[in-house]
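Structure first, then comments.
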Amino acid sequence: MIKNSIFGIVQNDLTALEAELLSVIHSPVHLIKEISEHLVKAGGKRLRPALYFLSARSAGNVDNIKLQPLATAIELIHMATLVHDDVIDNASTRRGIPTANTKWGNQMSVLIGDYLFAKAFSIVASNQVSSRVMEVLTEVICSMSEGEIIQNQDTFNADQGEMEYLGRIAKKTADFIAASCELGALTGGLSSEDVQALRDYGYSIGMAFQITDDILDMTASSEQLGKPAGNDLRQGIVTLPIIYALQNSADAEELRNIVITRNMSEEKLARGLEIIHSTDAIDYSYRMVDEYLTRARTVLPVALPSEIREAFLAVTEFIEMRNF
């Protein structure tokens with residue numbers, strides 16, 4: 001979970017969310033309960049429900065009973081996508097602990113992901129949400145699926161451009177964070193202008209967050225990341241620093257040959273990272289992060305309560321300083 005100091009204003013909401021997550025994943029099937037509890041207790045930043053809570057509370061004092069079901073559904077959907085992503089990526093660790101597919105295999109992991117999706121929509125269906133809320137949720141799941149399919153289709157493809165990359169990460173990450181803010185604003189009953197403004201904020205945060213994630217894959221240690229460093233390059237996932245280096249490095253042809261290499265050796269991986277770091281790909285990528293964070297700060301609704309505004313701004317600072 002992101003530092004309490006950032007989301008202190010909705011800390012009670014987030015604490016209640018943890019209890020609710022453990023409650024709703026209860027199943028008479030012991031293995032479902034075991035795997036689901038492993039996923040919940042693995043923790044995470046809880047960024048999406050936190051932004052949902054902040055957006056909802058922008059309208060003033062909103063009943064927690066009204067807010068909690070949709071927050072729970074949002075986090076269950078996020079957990080489901082992570083489980084499926086780990087299967088696709090053949091990931092062995094996440095947040096420093098074994099993934100579900102490592103402990104229980106791919107088949108069980110896919111089924112647990114499906115179970116979490118079903119639980120999320122069971123919660124949504126039983127709480128009589130508006131048609132717009134249902135539309136936002138279904139659209140964002142379609143978008144995330146499209147993003148994952150595009151990424152999987154384009155692995156080990158060194159011919160991707162910046163616009164293709166930005167479109168992919170919008171679908172994989174930014175659209176869901178934008179939707180979390182929009183859903184909070186809708187639940188809180190904000191004006192249509194403020195709903196759109198918070199959605200724009202969430203989108204900009206999401207783009208900055210994913211680009212930072214892709215930078216850290218090139219710069220942070222495995223201990224910081226909780227997963228192997230250089231994993232994107234190893235798996236043929238072409239991110240912004242790689243695209244920049246392919247377009248600007250004197251060793252671009254050598255890097256291209258590394259990018260398209262399947263079953264990459266540690267020596268080739270190290271050489272690929274060396275070529276990327278020999279350019280200003282990391283600085284360029286951070287400049288784009290700064291552009292999105294500036295946009296996020298700019299679009300926030302004027303009439304936000306000061307403590308809510310400070311929390312939204314603190315999220316931009318967290319992403320700016322993030323090293324995990």
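Ligands are numbered from 1 in the order shown, chains are lettered A, B, ... in the order of the structure tokens, and residues start at 1 in each chain.
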### Query
Running DSSP on the backbone, which parts of region 20-156 of chain A land in alpha helix (DSSP H), as number ranges by chain?
A: 20-24, 30-41, 47-57, 64-89, 100-104, 106-125, 131-153
### Query
Can you tell me, as a PyMOL selection string, what residues are no more than 10 Å from region 4-17 of chain A when counting only C-alpha atoms, ignoring any on the same chain fewer than 5 positions away?
chain A and resi 22-23+46-47+49-54+57+64-65+67-69+71-72+75+307-308+310-315+317-318
## Note on the structure
Students should find that CA of Ile123 (chain A) and CA of Lys66 (chain A) are spaced 12.1 Å
### Task
May I ask which of the residues A:Asn248, A:Ser55, A:Gln235, A:Thr155 is the closest one to Ser180 (chain A), counting only C-alpha atoms?
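Counting only C-alpha atoms, the residue closest to Ser180 (chain A) is A:Ser55.
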### Task
Could you check which of A:Ile211, A:Leu198, A:Leu190, A:Ala245 is closest to Arg297 (chain A), using only C-alpha atoms?
A:Leu198
### Task
Go through region 37-244 of chain A and collect every residue that DSSP, computed from the backbone, puts in strand (DSSP E or B); the answer should be as a ChimeraX atom specification.
/A:93-94,97-98
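Of the residues under consideration (A:Arg199, A:Arg271, A:His78, A:Arg132), A:Arg199 shows the shortest atom-to-atom contact distance to Leu300 (chain A) when counting only C-alpha atoms.
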### Query
For Lys172 (chain A), which residue among A:Gly147, A:Gly236, A:Gly206, A:Gly96 is the nearest when counting only C-alpha atoms?
A:Gly147
### Query
Residues at most 12 Å from Asp232 (chain A), counting only C-alpha atoms, excluding those fewer than 2 positions away in the same chain, as number ranges by chain?
A: 89-91, 151-152, 155-156, 213-219, 227-230, 234-242, 259, 264, 269, 272-273
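Residue nearest Asp85 (chain A) within the list A:Gly43, A:Gly161, A:Gly105, A:Gly113: A:Gly113 [criterion: smallest interatomic distance, only C-alpha atoms].
For the pair CA of Leu111 (chain A) and CA of His30 (chain A), the separation is 14.1 Å.
Non-sequential neighbours of Asn257 (chain A) (distance at most 10 Å, separation of 4 or more positions within a chain, only C-alpha atoms) are Phe156, Ala158, Ala252, Glu253, Thr261, Lys268 and Gly272 of chain A.
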Deliver the residues from the most recent selection as a file, using C-alpha atoms, as a CSV table (one decimal), in the first residue's frame.
```csv
chain,number,residue,atom,x,y,z
A,156,PHE,CA,10.2,-9.4,-29.7
A,158,ALA,CA,11.8,-4.1,-32.7
A,252,ALA,CA,20.9,0.4,-32.6
A,253,GLU,CA,21.4,-2.6,-35.0
A,261,THR,CA,16.2,-12.7,-29.4
A,268,LYS,CA,22.9,-10.5,-24.1
A,272,GLY,CA,21.1,-4.6,-24.2
```
### Selected residue of minimal separation from Ser109 (chain A) among A:Arg168, A:Arg322, A:His38, A:His84, counting only C-alpha atoms
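Once distances to Ser109 (chain A) are computed over only C-alpha atoms, the minimum belongs to A:His84.
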### Task
Do a neighbour search on Asp280 (chain A) at 10 Å with only C-alpha atoms, toss out local chain neighbours closer than 3 positions, and write the hits as a list in words.
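So the residues in contact are Pro241, Tyr244, Ala245, Asn248, Ser249, Ile276, His277, Asp283, Tyr284, Ser285 and Tyr286 of chain A.
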Given the selection you just returned, output its residues as a file containing N, CA and C atoms, formatted as a short mmCIF file (atom, residue, chain, number, x, y, z; two decimals), in the first residue's frame.
```
data_model
loop_
_atom_site.label_atom_id
_atom_site.label_comp_id
_atom_site.auth_asym_id
_atom_site.auth_seq_id
_atom_site.Cartn_x
_atom_site.Cartn_y
_atom_site.Cartn_z
N PRO A 241 12.07 3.34 -23.13
CA PRO A 241 13.54 3.47 -23.20
C PRO A 241 14.15 2.64 -24.33
N TYR A 244 13.40 4.44 -27.68
CA TYR A 244 14.28 5.61 -27.83
C TYR A 244 15.69 5.18 -28.23
N ALA A 245 16.21 4.17 -27.53
CA ALA A 245 17.57 3.71 -27.83
C ALA A 245 17.65 3.13 -29.24
N ASN A 248 18.00 6.07 -31.52
CA ASN A 248 19.04 7.08 -31.31
C ASN A 248 20.43 6.53 -31.02
N SER A 249 20.55 5.25 -30.74
CA SER A 249 21.87 4.72 -30.37
C SER A 249 22.72 4.42 -31.60
N ILE A 276 21.21 0.69 -23.93
CA ILE A 276 20.13 1.62 -23.57
C ILE A 276 20.65 2.72 -22.65
N HIS A 277 21.45 2.33 -21.67
CA HIS A 277 21.98 3.31 -20.70
C HIS A 277 23.04 4.22 -21.32
N ASP A 283 16.59 9.54 -19.35
CA ASP A 283 16.24 10.96 -19.16
C ASP A 283 15.05 11.35 -20.04
N TYR A 284 15.05 10.90 -21.28
CA TYR A 284 13.95 11.20 -22.19
C TYR A 284 12.64 10.66 -21.63
N SER A 285 12.67 9.43 -21.13
CA SER A 285 11.47 8.81 -20.58
C SER A 285 10.97 9.54 -19.35
N TYR A 286 11.91 9.98 -18.50
CA TYR A 286 11.51 10.74 -17.31
C TYR A 286 10.92 12.10 -17.69
#
```
